[in-house]
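Below is the file structure.txt, which contains compact mmCIF, N, CA and C atoms.
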```txt
# COMPACT_ATOMS: atom_id res chain seq x y z
N MET A 1086 82.70 53.73 99.29
CA MET A 1086 81.37 54.31 99.20
C MET A 1086 80.76 53.88 97.86
N ASN A 1087 79.54 53.51 97.86
CA ASN A 1087 78.81 53.12 96.68
C ASN A 1087 78.83 54.27 95.66
N LYS A 1088 79.05 53.98 94.37
CA LYS A 1088 79.14 55.02 93.35
C LYS A 1088 77.85 55.84 93.25
N LYS A 1089 76.72 55.17 93.39
CA LYS A 1089 75.45 55.85 93.30
C LYS A 1089 75.27 56.85 94.45
N ILE A 1090 75.63 56.42 95.66
CA ILE A 1090 75.53 57.30 96.83
C ILE A 1090 76.49 58.47 96.69
N ALA A 1091 77.72 58.19 96.21
CA ALA A 1091 78.72 59.25 96.02
C ALA A 1091 78.23 60.26 95.00
N PHE A 1092 77.61 59.81 93.92
CA PHE A 1092 77.10 60.71 92.91
C PHE A 1092 76.00 61.60 93.48
N VAL A 1093 75.04 61.01 94.17
CA VAL A 1093 73.94 61.78 94.76
C VAL A 1093 74.48 62.78 95.77
N TRP A 1094 75.42 62.35 96.61
CA TRP A 1094 76.00 63.25 97.60
C TRP A 1094 76.73 64.40 96.92
N GLY A 1095 77.53 64.08 95.90
CA GLY A 1095 78.27 65.11 95.17
C GLY A 1095 77.35 66.06 94.45
N PHE A 1096 76.31 65.55 93.83
CA PHE A 1096 75.34 66.39 93.14
C PHE A 1096 74.63 67.31 94.12
N SER A 1097 74.25 66.79 95.27
CA SER A 1097 73.58 67.61 96.29
C SER A 1097 74.49 68.73 96.76
N LEU A 1098 75.77 68.40 96.99
CA LEU A 1098 76.73 69.40 97.44
C LEU A 1098 76.91 70.48 96.37
N MET A 1099 77.06 70.08 95.12
CA MET A 1099 77.23 71.05 94.04
C MET A 1099 76.00 71.91 93.88
N SER A 1100 74.82 71.33 93.99
CA SER A 1100 73.58 72.09 93.87
C SER A 1100 73.48 73.15 94.93
N SER A 1101 73.92 72.83 96.14
CA SER A 1101 73.83 73.80 97.22
C SER A 1101 74.86 74.90 97.06
N LEU A 1102 76.01 74.60 96.46
CA LEU A 1102 77.05 75.60 96.28
C LEU A 1102 76.80 76.52 95.11
N VAL A 1103 76.09 76.06 94.10
CA VAL A 1103 75.83 76.87 92.92
C VAL A 1103 75.09 78.15 93.29
N GLY A 1104 74.22 78.11 94.27
CA GLY A 1104 73.44 79.28 94.66
C GLY A 1104 74.18 80.25 95.55
N CYS A 1105 75.40 79.94 95.99
CA CYS A 1105 76.13 80.81 96.89
C CYS A 1105 76.77 81.96 96.13
N SER A 1106 76.87 83.11 96.78
CA SER A 1106 77.47 84.28 96.17
C SER A 1106 77.99 85.19 97.26
N ASP A 1107 79.02 85.98 96.91
CA ASP A 1107 79.53 86.97 97.86
C ASP A 1107 78.68 88.22 97.84
N ASP A 1108 77.80 88.37 96.86
CA ASP A 1108 76.93 89.53 96.74
C ASP A 1108 75.71 89.34 97.65
N PRO A 1109 75.55 90.17 98.71
CA PRO A 1109 74.42 90.00 99.62
C PRO A 1109 73.07 90.10 98.93
N ALA A 1110 72.96 90.87 97.85
CA ALA A 1110 71.69 91.00 97.15
C ALA A 1110 71.27 89.68 96.53
N GLN A 1111 72.25 88.87 96.10
CA GLN A 1111 71.93 87.59 95.50
C GLN A 1111 71.63 86.53 96.55
N ASN A 1112 72.01 86.77 97.80
CA ASN A 1112 71.76 85.81 98.87
C ASN A 1112 70.52 86.17 99.68
N SER A 1113 69.72 87.13 99.19
CA SER A 1113 68.53 87.53 99.93
C SER A 1113 67.53 86.38 99.96
N SER A 1114 66.55 86.51 100.82
CA SER A 1114 65.55 85.46 100.97
C SER A 1114 64.92 85.12 99.63
N PRO A 1115 64.90 83.84 99.25
CA PRO A 1115 64.35 83.47 97.96
C PRO A 1115 62.83 83.58 97.92
N ALA A 1116 62.19 83.72 99.06
CA ALA A 1116 60.73 83.72 99.08
C ALA A 1116 60.14 84.96 98.43
N ILE A 1117 60.70 86.11 98.71
CA ILE A 1117 60.17 87.35 98.14
C ILE A 1117 61.34 88.17 97.64
N GLU A 1118 61.52 88.22 96.32
CA GLU A 1118 62.68 88.89 95.76
C GLU A 1118 62.61 90.41 95.90
N THR A 1119 61.51 90.99 95.47
CA THR A 1119 61.38 92.45 95.54
C THR A 1119 59.99 92.82 95.99
N GLN A 1120 59.87 94.00 96.53
CA GLN A 1120 58.56 94.50 96.95
C GLN A 1120 57.64 94.63 95.74
N THR A 1121 58.18 95.07 94.59
CA THR A 1121 57.37 95.23 93.39
C THR A 1121 56.76 93.89 92.97
N GLU A 1122 57.58 92.82 92.98
CA GLU A 1122 57.06 91.50 92.64
C GLU A 1122 55.94 91.09 93.57
N SER A 1123 56.12 91.29 94.88
CA SER A 1123 55.12 90.82 95.83
C SER A 1123 53.82 91.60 95.68
N ILE A 1124 53.89 92.88 95.40
CA ILE A 1124 52.66 93.66 95.24
C ILE A 1124 51.92 93.22 93.98
N MET A 1125 52.63 92.97 92.90
CA MET A 1125 51.97 92.51 91.68
C MET A 1125 51.28 91.17 91.92
N SER A 1126 51.97 90.27 92.57
CA SER A 1126 51.39 88.97 92.83
C SER A 1126 50.24 89.08 93.82
N ALA A 1127 50.37 89.96 94.80
CA ALA A 1127 49.28 90.18 95.75
C ALA A 1127 48.06 90.73 95.02
N ASP A 1128 48.26 91.64 94.10
CA ASP A 1128 47.14 92.19 93.33
C ASP A 1128 46.44 91.10 92.53
N ARG A 1129 47.23 90.19 91.97
CA ARG A 1129 46.64 89.09 91.19
C ARG A 1129 45.78 88.20 92.09
N LEU A 1130 46.31 87.85 93.26
CA LEU A 1130 45.53 87.02 94.18
C LEU A 1130 44.31 87.75 94.72
N ILE A 1131 44.45 89.04 94.95
CA ILE A 1131 43.30 89.84 95.39
C ILE A 1131 42.21 89.81 94.33
N ASP A 1132 42.59 89.95 93.07
CA ASP A 1132 41.59 89.89 91.99
C ASP A 1132 40.88 88.54 91.98
N PHE A 1133 41.64 87.44 92.17
CA PHE A 1133 41.01 86.12 92.24
C PHE A 1133 40.08 86.01 93.44
N ALA A 1134 40.53 86.50 94.60
CA ALA A 1134 39.72 86.43 95.82
C ALA A 1134 38.42 87.20 95.64
N VAL A 1135 38.52 88.41 95.10
CA VAL A 1135 37.33 89.23 94.88
C VAL A 1135 36.36 88.54 93.92
N ALA A 1136 36.89 88.02 92.82
CA ALA A 1136 36.03 87.32 91.85
C ALA A 1136 35.34 86.13 92.50
N ASP A 1137 36.06 85.40 93.35
CA ASP A 1137 35.47 84.23 94.01
C ASP A 1137 34.39 84.65 95.02
N PHE A 1138 34.66 85.69 95.80
CA PHE A 1138 33.65 86.17 96.75
C PHE A 1138 32.39 86.63 96.01
N LYS A 1139 32.55 87.28 94.87
CA LYS A 1139 31.39 87.75 94.11
C LYS A 1139 30.62 86.61 93.46
N ALA A 1140 31.33 85.57 93.01
CA ALA A 1140 30.69 84.47 92.29
C ALA A 1140 30.05 83.45 93.21
N ASN A 1141 30.51 83.35 94.45
CA ASN A 1141 30.05 82.28 95.34
C ASN A 1141 29.45 82.87 96.61
N GLN A 1142 28.21 83.32 96.50
CA GLN A 1142 27.53 83.90 97.66
C GLN A 1142 26.31 83.06 97.99
N PRO A 1143 25.85 82.95 99.22
CA PRO A 1143 26.47 83.52 100.41
C PRO A 1143 27.73 82.75 100.80
N PRO A 1144 28.51 83.25 101.68
CA PRO A 1144 28.36 84.50 102.43
C PRO A 1144 28.76 85.72 101.59
N VAL A 1145 28.16 86.84 101.93
CA VAL A 1145 28.47 88.11 101.27
C VAL A 1145 29.34 88.92 102.21
N PRO A 1146 30.59 89.17 101.84
CA PRO A 1146 31.47 89.96 102.70
C PRO A 1146 31.01 91.41 102.80
N ARG A 1147 31.04 91.94 104.01
CA ARG A 1147 30.71 93.35 104.24
C ARG A 1147 31.93 94.17 104.58
N ASP A 1148 33.00 93.48 105.02
CA ASP A 1148 34.23 94.17 105.41
C ASP A 1148 35.37 93.14 105.40
N PHE A 1149 36.60 93.64 105.39
CA PHE A 1149 37.79 92.79 105.42
C PHE A 1149 38.77 93.34 106.43
N ARG A 1150 39.57 92.45 107.03
CA ARG A 1150 40.61 92.89 107.96
C ARG A 1150 41.74 91.85 108.00
N HIS A 1151 42.90 92.31 108.48
CA HIS A 1151 44.08 91.44 108.68
C HIS A 1151 44.44 90.65 107.42
N VAL A 1152 44.38 91.30 106.27
CA VAL A 1152 44.68 90.62 105.01
C VAL A 1152 46.18 90.74 104.73
N ARG A 1153 46.84 89.58 104.63
CA ARG A 1153 48.29 89.53 104.42
C ARG A 1153 48.61 88.70 103.19
N TYR A 1154 49.77 88.99 102.62
CA TYR A 1154 50.25 88.28 101.44
C TYR A 1154 51.62 87.67 101.76
N GLY A 1155 51.83 86.45 101.30
CA GLY A 1155 53.12 85.82 101.52
C GLY A 1155 53.39 84.75 100.48
N ILE A 1156 54.51 84.08 100.69
CA ILE A 1156 54.93 82.97 99.83
C ILE A 1156 55.02 81.73 100.71
N ILE A 1157 54.48 80.64 100.20
CA ILE A 1157 54.50 79.37 100.95
C ILE A 1157 55.14 78.32 100.05
N ASN A 1158 55.94 77.45 100.65
CA ASN A 1158 56.50 76.32 99.91
C ASN A 1158 55.56 75.14 100.04
N GLY A 1159 55.13 74.62 98.90
CA GLY A 1159 54.22 73.49 98.91
C GLY A 1159 54.94 72.19 99.19
N ALA A 1160 54.19 71.12 99.33
CA ALA A 1160 54.76 69.80 99.59
C ALA A 1160 55.69 69.38 98.45
N ASP A 1161 55.43 69.90 97.25
CA ASP A 1161 56.28 69.58 96.09
C ASP A 1161 57.43 70.57 95.94
N ASN A 1162 57.67 71.38 96.97
CA ASN A 1162 58.72 72.43 97.00
C ASN A 1162 58.47 73.55 96.01
N ALA A 1163 57.30 73.63 95.44
CA ALA A 1163 56.95 74.74 94.56
C ALA A 1163 56.53 75.93 95.42
N ARG A 1164 57.04 77.11 95.07
CA ARG A 1164 56.65 78.32 95.80
C ARG A 1164 55.33 78.82 95.26
N ARG A 1165 54.43 79.16 96.19
CA ARG A 1165 53.11 79.64 95.80
C ARG A 1165 52.76 80.88 96.62
N SER A 1166 52.06 81.79 95.98
CA SER A 1166 51.57 82.97 96.67
C SER A 1166 50.35 82.60 97.48
N ILE A 1167 50.20 83.27 98.62
CA ILE A 1167 49.03 83.03 99.47
C ILE A 1167 48.54 84.35 100.04
N LEU A 1168 47.24 84.49 100.10
CA LEU A 1168 46.59 85.66 100.68
C LEU A 1168 45.73 85.15 101.82
N CYS A 1169 45.91 85.70 103.00
CA CYS A 1169 45.15 85.27 104.18
C CYS A 1169 44.52 86.48 104.84
N GLY A 1170 43.34 86.31 105.36
CA GLY A 1170 42.68 87.40 106.06
C GLY A 1170 41.36 86.97 106.65
N GLU A 1171 40.57 87.97 107.01
CA GLU A 1171 39.24 87.72 107.56
C GLU A 1171 38.24 88.61 106.85
N PHE A 1172 37.01 88.11 106.74
CA PHE A 1172 35.93 88.91 106.17
C PHE A 1172 34.74 88.88 107.12
N LEU A 1173 33.99 89.97 107.12
CA LEU A 1173 32.81 90.10 107.95
C LEU A 1173 31.60 89.80 107.08
N ALA A 1174 30.78 88.86 107.51
CA ALA A 1174 29.59 88.49 106.75
C ALA A 1174 28.41 88.36 107.68
N VAL A 1175 27.25 88.58 107.13
CA VAL A 1175 26.02 88.40 107.90
C VAL A 1175 25.67 86.91 107.90
N THR A 1176 25.45 86.36 109.08
CA THR A 1176 25.09 84.95 109.21
C THR A 1176 23.60 84.78 108.93
N PRO A 1177 23.14 83.55 108.73
CA PRO A 1177 21.70 83.31 108.51
C PRO A 1177 20.83 83.84 109.65
N SER A 1178 21.40 83.90 110.86
CA SER A 1178 20.62 84.42 111.99
C SER A 1178 20.57 85.95 112.00
N GLY A 1179 21.31 86.59 111.07
CA GLY A 1179 21.31 88.05 110.98
C GLY A 1179 22.44 88.72 111.73
N ALA A 1180 23.26 87.95 112.43
CA ALA A 1180 24.38 88.52 113.18
C ALA A 1180 25.61 88.65 112.28
N ASP A 1181 26.45 89.63 112.59
CA ASP A 1181 27.73 89.77 111.89
C ASP A 1181 28.73 88.81 112.49
N GLU A 1182 29.54 88.19 111.63
CA GLU A 1182 30.55 87.25 112.11
C GLU A 1182 31.79 87.34 111.24
N TRP A 1183 32.97 87.42 111.90
CA TRP A 1183 34.24 87.41 111.17
C TRP A 1183 34.63 85.97 110.89
N SER A 1184 35.04 85.71 109.65
CA SER A 1184 35.50 84.38 109.24
C SER A 1184 36.82 84.51 108.50
N ALA A 1185 37.63 83.47 108.61
CA ALA A 1185 38.92 83.45 107.92
C ALA A 1185 38.72 83.10 106.45
N PHE A 1186 39.64 83.57 105.62
CA PHE A 1186 39.70 83.12 104.24
C PHE A 1186 41.16 83.02 103.82
N SER A 1187 41.43 82.17 102.86
CA SER A 1187 42.76 82.10 102.25
C SER A 1187 42.58 81.87 100.76
N THR A 1188 43.42 82.53 100.00
CA THR A 1188 43.44 82.36 98.55
C THR A 1188 44.85 81.90 98.20
N LEU A 1189 44.95 80.73 97.62
CA LEU A 1189 46.23 80.10 97.34
C LEU A 1189 46.43 79.97 95.84
N GLN A 1190 47.58 80.40 95.37
CA GLN A 1190 47.92 80.24 93.96
C GLN A 1190 48.17 78.77 93.67
N THR A 1191 47.44 78.23 92.71
CA THR A 1191 47.68 76.87 92.21
C THR A 1191 47.88 77.05 90.70
N ASP A 1192 47.32 76.18 89.88
CA ASP A 1192 47.37 76.46 88.44
C ASP A 1192 46.69 77.79 88.17
N GLU A 1193 45.62 78.05 88.90
CA GLU A 1193 44.97 79.35 88.90
C GLU A 1193 44.91 79.80 90.35
N TYR A 1194 43.92 79.33 91.09
CA TYR A 1194 43.82 79.64 92.51
C TYR A 1194 42.83 78.70 93.17
N GLU A 1195 42.91 78.64 94.49
CA GLU A 1195 41.90 77.97 95.32
C GLU A 1195 41.57 78.95 96.43
N GLN A 1196 40.32 79.01 96.81
CA GLN A 1196 39.93 79.87 97.93
C GLN A 1196 39.25 79.00 98.98
N TRP A 1197 39.67 79.21 100.23
CA TRP A 1197 39.15 78.46 101.36
C TRP A 1197 38.53 79.45 102.34
N LEU A 1198 37.43 79.06 102.95
CA LEU A 1198 36.73 79.92 103.90
C LEU A 1198 36.58 79.23 105.25
N GLY A 1199 36.53 80.03 106.30
CA GLY A 1199 36.24 79.53 107.64
C GLY A 1199 37.32 78.63 108.20
N ALA A 1200 36.89 77.56 108.84
CA ALA A 1200 37.81 76.66 109.54
C ALA A 1200 38.81 76.00 108.60
N GLN A 1201 38.48 75.86 107.32
CA GLN A 1201 39.42 75.27 106.36
C GLN A 1201 40.57 76.22 106.03
N ALA A 1202 40.33 77.52 106.14
CA ALA A 1202 41.35 78.51 105.78
C ALA A 1202 42.38 78.71 106.88
N SER A 1203 41.96 78.64 108.12
CA SER A 1203 42.85 78.97 109.24
C SER A 1203 44.14 78.14 109.30
N PRO A 1204 44.08 76.82 109.22
CA PRO A 1204 45.34 76.04 109.31
C PRO A 1204 46.32 76.37 108.18
N LEU A 1205 45.81 76.62 107.01
CA LEU A 1205 46.68 76.96 105.89
C LEU A 1205 47.45 78.25 106.17
N CYS A 1206 46.77 79.22 106.75
CA CYS A 1206 47.38 80.52 107.01
C CYS A 1206 48.27 80.54 108.26
N GLN A 1207 48.24 79.50 109.04
CA GLN A 1207 49.06 79.45 110.26
C GLN A 1207 50.33 78.63 110.07
N GLN A 1208 50.63 78.22 108.85
CA GLN A 1208 51.83 77.43 108.61
C GLN A 1208 53.07 78.29 108.83
N THR A 1209 54.04 77.71 109.50
CA THR A 1209 55.26 78.45 109.84
C THR A 1209 56.18 78.64 108.64
N THR A 1210 55.90 77.97 107.54
CA THR A 1210 56.76 78.11 106.36
C THR A 1210 56.39 79.32 105.50
N ILE A 1211 55.33 80.02 105.84
CA ILE A 1211 54.94 81.21 105.07
C ILE A 1211 55.90 82.34 105.38
N VAL A 1212 56.38 83.00 104.33
CA VAL A 1212 57.19 84.21 104.48
C VAL A 1212 56.31 85.37 104.04
N TRP A 1213 55.90 86.19 105.01
CA TRP A 1213 55.01 87.32 104.74
C TRP A 1213 55.81 88.46 104.13
N ASP A 1214 55.18 89.27 103.30
CA ASP A 1214 55.89 90.32 102.58
C ASP A 1214 56.18 91.55 103.42
N GLY A 1215 55.67 91.65 104.61
CA GLY A 1215 55.98 92.77 105.49
C GLY A 1215 54.98 93.91 105.43
N ARG A 1216 54.11 93.93 104.45
CA ARG A 1216 53.08 94.96 104.40
C ARG A 1216 52.05 94.65 105.48
N ASP A 1217 51.63 95.67 106.19
CA ASP A 1217 50.73 95.46 107.32
C ASP A 1217 49.39 94.85 106.93
N ASP A 1218 48.74 95.40 105.92
CA ASP A 1218 47.38 94.96 105.65
C ASP A 1218 46.95 95.34 104.24
N TYR A 1219 46.39 94.38 103.53
CA TYR A 1219 45.83 94.62 102.20
C TYR A 1219 44.31 94.75 102.27
N ALA A 1220 43.74 94.91 103.45
CA ALA A 1220 42.28 94.95 103.61
C ALA A 1220 41.64 96.07 102.79
N GLU A 1221 42.24 97.24 102.79
CA GLU A 1221 41.65 98.35 102.03
C GLU A 1221 41.64 98.06 100.54
N VAL A 1222 42.69 97.40 100.06
CA VAL A 1222 42.78 97.08 98.63
C VAL A 1222 41.69 96.09 98.24
N ILE A 1223 41.56 95.02 98.98
CA ILE A 1223 40.56 94.00 98.63
C ILE A 1223 39.15 94.57 98.79
N GLU A 1224 38.94 95.39 99.81
CA GLU A 1224 37.61 95.97 100.01
C GLU A 1224 37.25 96.92 98.87
N ARG A 1225 38.21 97.75 98.46
CA ARG A 1225 37.96 98.69 97.35
C ARG A 1225 37.62 97.92 96.07
N LYS A 1226 38.38 96.86 95.76
CA LYS A 1226 38.10 96.09 94.56
C LYS A 1226 36.77 95.34 94.66
N PHE A 1227 36.45 94.86 95.84
CA PHE A 1227 35.19 94.14 96.01
C PHE A 1227 33.99 95.07 95.80
N ASN A 1228 34.12 96.32 96.21
CA ASN A 1228 33.02 97.28 96.12
C ASN A 1228 32.92 97.99 94.77
N GLN A 1229 33.82 97.68 93.84
CA GLN A 1229 33.78 98.32 92.52
C GLN A 1229 32.65 97.77 91.69
```
Render the structure in this file as structure tokens.
Amino acid sequence: MNKKIAFVWGFSLMSSLVGCSDDPAQNSSPAIETQTESIMSADRLIDFAVADFKANQPPVPRDFRHVRYGIINGADNARRSILCGEFLAVTPSGADEWSAFSTLQTDEYEQWLGAQASPLCQQTTIVWDGRDDYAEVIERKFNQ
């Protein structure tokens, strides 16, 4: 076997074994370590989402629903927080319409609305934190 291939194979094997433990708490899902961590990070993303909705109008959100928080692995294998949900806004024709939004942690954050947000929030690699809905939290902060 080529020395370079053997080294890479051995390093990969060692890297995978280093994370193993007999303690079930240490083998828990790496995506969300504790509920406290996820709520703090969710609050941070909610603050960014609210600030973005306030700074970039229209559309002006009137209500929020189905707001979830999770962790997504990026193409560079970096874990990032993501907030996905829907907001109700008045359209130019005067009708109410629900639209998707996503707020993704980057160096700071990126917020996507409508059709651009939906595919990001439907990725199967997202590990949701298990909380049913952050809609009340984001709505309360938006209305402050």
Report task. Quick one: everything within 9 Å of region 1142-1147 of chain A, counting only C-alpha atoms, minus sequence neighbours fewer than 6 positions away in the same chain. Send it as number ranges by chain. Result -> A: 1172-1176, 1181, 1224, 1227
Query - Interatomic distance (Å, one decimal) between atom N of Trp1213 (chain A) and atom C of Phe1138 (chain A) - result: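 Computing it gives 25.2 Å between the two atoms.
In this comparison, which uses only C-alpha atoms, the residue of A:Cys1169, A:Ala1185, A:Cys1206, A:Leu1198 approaching Ile1131 (chain A) most closely is A:Cys1169.
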Requested in this report: Please provide as a PyMOL selection string all residues within 10 Å of region 1125-1130 of chain A, with the sequence filter that same-chain residues fewer than 3 positions apart are discarded (counting only C-alpha atoms).
Outcome: chain A and resi 1120-1122+1133-1136+1153-1156+1165-1168+1187-1190+1193-1196+1214+1219+1222-1223+1226
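One finds CA of Gly1215 (chain A) at 17.6 Å from CA of Glu1171 (chain A).
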Requested in this report: Could you jot down the CA of Ala1180 (chain A) to atom N of Glu1221 (chain A) separation for me, Å, one decimal place?
Outcome: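 One can read the CA of Ala1180 (chain A) to atom N of Glu1221 (chain A) distance as 22.4 Å.
Using all atoms listed in the file, the residues found no farther than 6 Å from Gly1199 (chain A), other than those of its own chain fewer than 4 positions away, are Ser1184, Ala1185, Phe1186 and Ser1203 of chain A.
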Query raised in the report: Among region 1108-1209 of chain A, which ones does DSSP place in strand (DSSP E), written as a ChimeraX atom specification?
Result: /A:1146-1158,1164-1175,1181-1189,1195-1198
Query raised in the report: Which residues come within 6.5 Å of Asn1158 (chain A), counting all atoms listed in the file, excluding same-chain residues fewer than 6 positions away, as a PyMOL selection string?
Result: chain A and resi 1164-1165+1210-1211
Query raised in the report: In terms of the shortest atom-to-atom distance over only C-alpha atoms, which of A:Gln1229, A:Ser1178, A:Thr1209, A:Asn1162 is closest to Lys1139 (chain A)?
Result: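 The closest residue to Lys1139 (chain A) is A:Gln1229.
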Query raised in the report: For Trp1197 (chain A), which of A:Asp1148, A:Asn1141, A:Asp1132, A:Glu1182 is the closest residue, counting only C-alpha atoms?
Result: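 The answer is A:Asn1141, which sits nearest to Trp1197 (chain A).
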**Report entry** Members of region 1174-1219 of chain A assigned helix (DSSP H, G or I) by DSSP, as a PyMOL selection string
**Finding:** chain A and resi 1199-1206
